[in-house]
Amino acid sequence: MSEHQPGSSRIAVISRDACIACEQCVAVCPAGAITMEEGVAVVNADLCDGCGQCVAACPASAIEMSGEEPAEAAAAEEAQPAVAAEPAPAARAGPAPEVWVFVEHTDGQPAPVSWELLGKGKELAEALGGKVCSVLLGHEVAPLTKEAFCYGADKVYTIDDPVLGHYRTQPYLHGMIKLIEKYRPEIMLLGATTMGRDLAGAVATSLQTGLTADCTGLSIDPQSKLLEQTRPAYGGNIMATILCEKRRPQMATVRPRVMPMPERDESRAGEVIEEPLGLQEEEVAVKLVEYVREDAANVVRIEDADILVSGGRGMGGPEGFQLLQELAEAIGGTMSGSRAAVDQGWIPHERQVGQTGKTVRPKLYLACGISGAVQHLVGMQTSDMIIAINRDPNAPIFGVATLGIVGDVKDILPALARACRARLKKQQASSAAAGEGE
Ligand SMILES: Cc1cc2nc3c(=O)[nH]c(=O)nc-3n(C[C@H](O)[C@H](O)[C@H](O)COP(=O)(O)OP(=O)(O)OC[C@H]3O[C@@H](n4cnc5c(N)ncnc54)[C@H](O)[C@@H]3O)c2cc1C
């Protein structure tokens, strides 16, 4: 956090002509030194602490700093001229760097990816010698604070306000920027969901920091302490590791189910930091007219399935997928597939696994007639158990499989479905007999 030095000889100067009255500087000023007067932002020199946050926040480049640098900062700049030319990485100035994780929720229901990211965030915070914190925006969201602690948060930053009742970009962005500007996290993680992607892009653009979308790996470089953000690039043909060296926070989104869910620990507790939103409903441009919930019963969510029976081009056509459906029913699984199967029109896109489909992490992933192209693997390789059936013994899918069966799906799948059905029948018969005996 920047140190507050009211009356510092270094103050912000705002050009009346360039000011576009967006009030971003008013929102970010930690000293409350900027107010709006007759449609332009005005600085109170007695309150300005010379922190320069308004300069970074101004989208119109209407603000510059005037006067002497504080002696310490000037000395530091002299010692490291190359770095001083860029905005200083905020959290490095503070005692304990913080890794922040956005808690996504709808109607009070948290998105599991928020807890998955807390698990990864904890690992990153430990590598930095810092803390993992949740950021919780919404209305009447106190119960989620407790949940965040249970999943590993050391601290929860929260803004509870009716304006945040349903997700809208503008008020959530306002709240996030306010918290980030004030508390300066080193790293900010969000789920690569519809909401997370929307908010992450808006926050990164406003702060002019870097954002790596859809990361499949996150780690801390032991030397530089920078966040290593790994994701497929160039159509999935390479894995790129991306660094954000000079701006803060370092921002990344991660798809649901890419990171493992941490253990829930009921006994954990932590510090709650509450902040006001400082934004009225009248100031929000987008109004919520109607809120309609998706009919969950009619939506197939392969990303939530424990067992996926997945087919590729090797299934040969819709009749092949009929075999898969029978097996899926026999073992209580859900049917999914590769992009080749989707492109052929054998299954709908909502069931596609992979880079341009869904990322899944079931207990069992059965890959039938799927070669194992890298774009498919990135969507399923963290499944607990992978069984692959392919007639080509050199198919790359066997490289990630727990168990591989070399053979023709047309022979193996019907036999497997028969065996599963017979076993199920036997189990049902013995539990019925046990019930009669009681
Ligand atoms: C930008 C980009 C994004 C992409 N995104 C995705 C994505 O999200 N998901 C995805 O899946 N792909 C994606 N792809 C496509 C990907 O590169 C592959 O083309 C695709 O995964 C291949 O699907 P497949 O394994 O079903 O087919 P193929 O690669 O054709 O493999 C078919 C396999 O079936 C086996 N086989 C054939 N007949 C039988 C049989 N009778 N019994 C047993 N085995 C048999 C063959 O040996 C072969 O290994 C993407 C590509 C790009 C460029």
# chains A, B, ... in the order shown; residues from 1 in each chain; ligands from 1
$ residues_around --residues "stretch 407-419 of chain A" --least-positions-apart "4" --cutoff "7 Å" --atoms "only C-alpha atoms" --output "list in words"
Met315, Leu323, Glu326, Leu327, Ala330, Cys368, Gly369, Ile389, Asn390, Arg391 and Arg423 of chain A
$ residues_around --residues "A:Ile242" --least-positions-apart "3" --cutoff "12 Å" --atoms "only C-alpha atoms" --output "PDB file with N, CA and C atoms, in the first residue's frame"
ATOM      1  N   GLY A 210      -1.564  -6.615 -17.400  1.00  0.00           N
ATOM      2  CA  GLY A 210      -1.635  -7.795 -18.272  1.00  0.00           C
ATOM      3  C   GLY A 210      -2.631  -8.815 -17.757  1.00  0.00           C
ATOM      4  N   LEU A 211      -3.253  -9.526 -18.682  1.00  0.00           N
ATOM      5  CA  LEU A 211      -4.210 -10.579 -18.307  1.00  0.00           C
ATOM      6  C   LEU A 211      -3.967 -11.776 -19.217  1.00  0.00           C
ATOM      7  N   THR A 212      -3.774 -12.944 -18.613  1.00  0.00           N
ATOM      8  CA  THR A 212      -3.633 -14.160 -19.407  1.00  0.00           C
ATOM      9  C   THR A 212      -4.891 -14.993 -19.205  1.00  0.00           C
ATOM     10  N   ALA A 213      -5.597 -15.236 -20.314  1.00  0.00           N
ATOM     11  CA  ALA A 213      -6.877 -15.940 -20.224  1.00  0.00           C
ATOM     12  C   ALA A 213      -6.682 -17.449 -20.348  1.00  0.00           C
ATOM     13  N   ASP A 214      -7.559 -18.205 -19.686  1.00  0.00           N
ATOM     14  CA  ASP A 214      -7.612 -19.662 -19.835  1.00  0.00           C
ATOM     15  C   ASP A 214      -6.289 -20.358 -19.520  1.00  0.00           C
ATOM     16  N   CYS A 215      -5.681 -19.984 -18.406  1.00  0.00           N
ATOM     17  CA  CYS A 215      -4.403 -20.625 -18.043  1.00  0.00           C
ATOM     18  C   CYS A 215      -4.644 -22.086 -17.659  1.00  0.00           C
ATOM     19  N   THR A 216      -3.683 -22.922 -18.019  1.00  0.00           N
ATOM     20  CA  THR A 216      -3.773 -24.328 -17.599  1.00  0.00           C
ATOM     21  C   THR A 216      -2.739 -24.617 -16.509  1.00  0.00           C
ATOM     22  N   GLY A 217      -1.814 -23.676 -16.296  1.00  0.00           N
ATOM     23  CA  GLY A 217      -0.830 -23.839 -15.236  1.00  0.00           C
ATOM     24  C   GLY A 217      -0.425 -22.488 -14.677  1.00  0.00           C
ATOM     25  N   LEU A 218      -0.236 -22.428 -13.352  1.00  0.00           N
ATOM     26  CA  LEU A 218       0.212 -21.192 -12.701  1.00  0.00           C
ATOM     27  C   LEU A 218       1.282 -21.561 -11.682  1.00  0.00           C
ATOM     28  N   SER A 219       2.389 -20.828 -11.704  1.00  0.00           N
ATOM     29  CA  SER A 219       3.431 -21.091 -10.708  1.00  0.00           C
ATOM     30  C   SER A 219       4.219 -19.800 -10.493  1.00  0.00           C
ATOM     31  N   ILE A 220       5.083 -19.811  -9.482  1.00  0.00           N
ATOM     32  CA  ILE A 220       5.912 -18.634  -9.191  1.00  0.00           C
ATOM     33  C   ILE A 220       7.352 -18.957  -9.565  1.00  0.00           C
ATOM     34  N   ASP A 221       7.971 -18.072 -10.338  1.00  0.00           N
ATOM     35  CA  ASP A 221       9.379 -18.264 -10.676  1.00  0.00           C
ATOM     36  C   ASP A 221      10.201 -17.999  -9.407  1.00  0.00           C
ATOM     37  N   LEU A 226       7.969 -13.755 -10.179  1.00  0.00           N
ATOM     38  CA  LEU A 226       6.876 -13.404 -11.089  1.00  0.00           C
ATOM     39  C   LEU A 226       5.948 -14.594 -11.272  1.00  0.00           C
ATOM     40  N   LEU A 227       4.694 -14.292 -11.606  1.00  0.00           N
ATOM     41  CA  LEU A 227       3.713 -15.351 -11.853  1.00  0.00           C
ATOM     42  C   LEU A 227       3.928 -15.920 -13.258  1.00  0.00           C
ATOM     43  N   GLU A 228       4.174 -17.217 -13.329  1.00  0.00           N
ATOM     44  CA  GLU A 228       4.323 -17.879 -14.622  1.00  0.00           C
ATOM     45  C   GLU A 228       2.951 -18.394 -15.032  1.00  0.00           C
ATOM     46  N   GLN A 229       2.438 -17.842 -16.136  1.00  0.00           N
ATOM     47  CA  GLN A 229       1.069 -18.155 -16.566  1.00  0.00           C
ATOM     48  C   GLN A 229       1.145 -18.980 -17.847  1.00  0.00           C
ATOM     49  N   THR A 230       0.779 -20.244 -17.745  1.00  0.00           N
ATOM     50  CA  THR A 230       0.938 -21.142 -18.881  1.00  0.00           C
ATOM     51  C   THR A 230      -0.408 -21.442 -19.522  1.00  0.00           C
ATOM     52  N   ARG A 231      -0.433 -21.384 -20.852  1.00  0.00           N
ATOM     53  CA  ARG A 231      -1.675 -21.672 -21.582  1.00  0.00           C
ATOM     54  C   ARG A 231      -1.333 -22.119 -23.009  1.00  0.00           C
ATOM     55  N   PRO A 232      -2.242 -22.854 -23.641  1.00  0.00           N
ATOM     56  CA  PRO A 232      -1.966 -23.248 -25.025  1.00  0.00           C
ATOM     57  C   PRO A 232      -1.965 -22.010 -25.916  1.00  0.00           C
ATOM     58  N   ALA A 233      -1.078 -22.004 -26.912  1.00  0.00           N
ATOM     59  CA  ALA A 233      -1.011 -20.873 -27.848  1.00  0.00           C
ATOM     60  C   ALA A 233      -0.862 -21.402 -29.268  1.00  0.00           C
ATOM     61  N   MET A 239       2.697 -24.761 -25.766  1.00  0.00           N
ATOM     62  CA  MET A 239       2.267 -24.223 -24.476  1.00  0.00           C
ATOM     63  C   MET A 239       3.149 -23.004 -24.213  1.00  0.00           C
ATOM     64  N   GLU A 245       5.635  -8.444 -16.224  1.00  0.00           N
ATOM     65  CA  GLU A 245       6.777  -8.032 -15.413  1.00  0.00           C
ATOM     66  C   GLU A 245       6.583  -6.703 -14.683  1.00  0.00           C
ATOM     67  N   GLN A 250      -0.806  -8.926 -11.465  1.00  0.00           N
ATOM     68  CA  GLN A 250      -0.659  -9.885 -12.554  1.00  0.00           C
ATOM     69  C   GLN A 250      -1.991 -10.647 -12.586  1.00  0.00           C
ATOM     70  N   MET A 251      -2.656 -10.640 -13.724  1.00  0.00           N
ATOM     71  CA  MET A 251      -4.014 -11.196 -13.756  1.00  0.00           C
ATOM     72  C   MET A 251      -4.124 -12.428 -14.648  1.00  0.00           C
ATOM     73  N   ALA A 252      -4.881 -13.416 -14.174  1.00  0.00           N
ATOM     74  CA  ALA A 252      -5.072 -14.631 -14.965  1.00  0.00           C
ATOM     75  C   ALA A 252      -6.477 -15.175 -14.741  1.00  0.00           C
TER      76      ALA A 252
END
$ residues_around --residues "A:Glu116" --least-positions-apart "2" --cutoff "7 Å" --atoms "only C-alpha atoms" --output "number ranges by chain"
A: 112-114, 118-120, 259-262
$ closest_residue --among "A:Thr158, A:Ser338, A:Ser310, A:Gln208" --to "ligand 1" --atoms "only C-alpha atoms and all ligand atoms"
A:Ser338
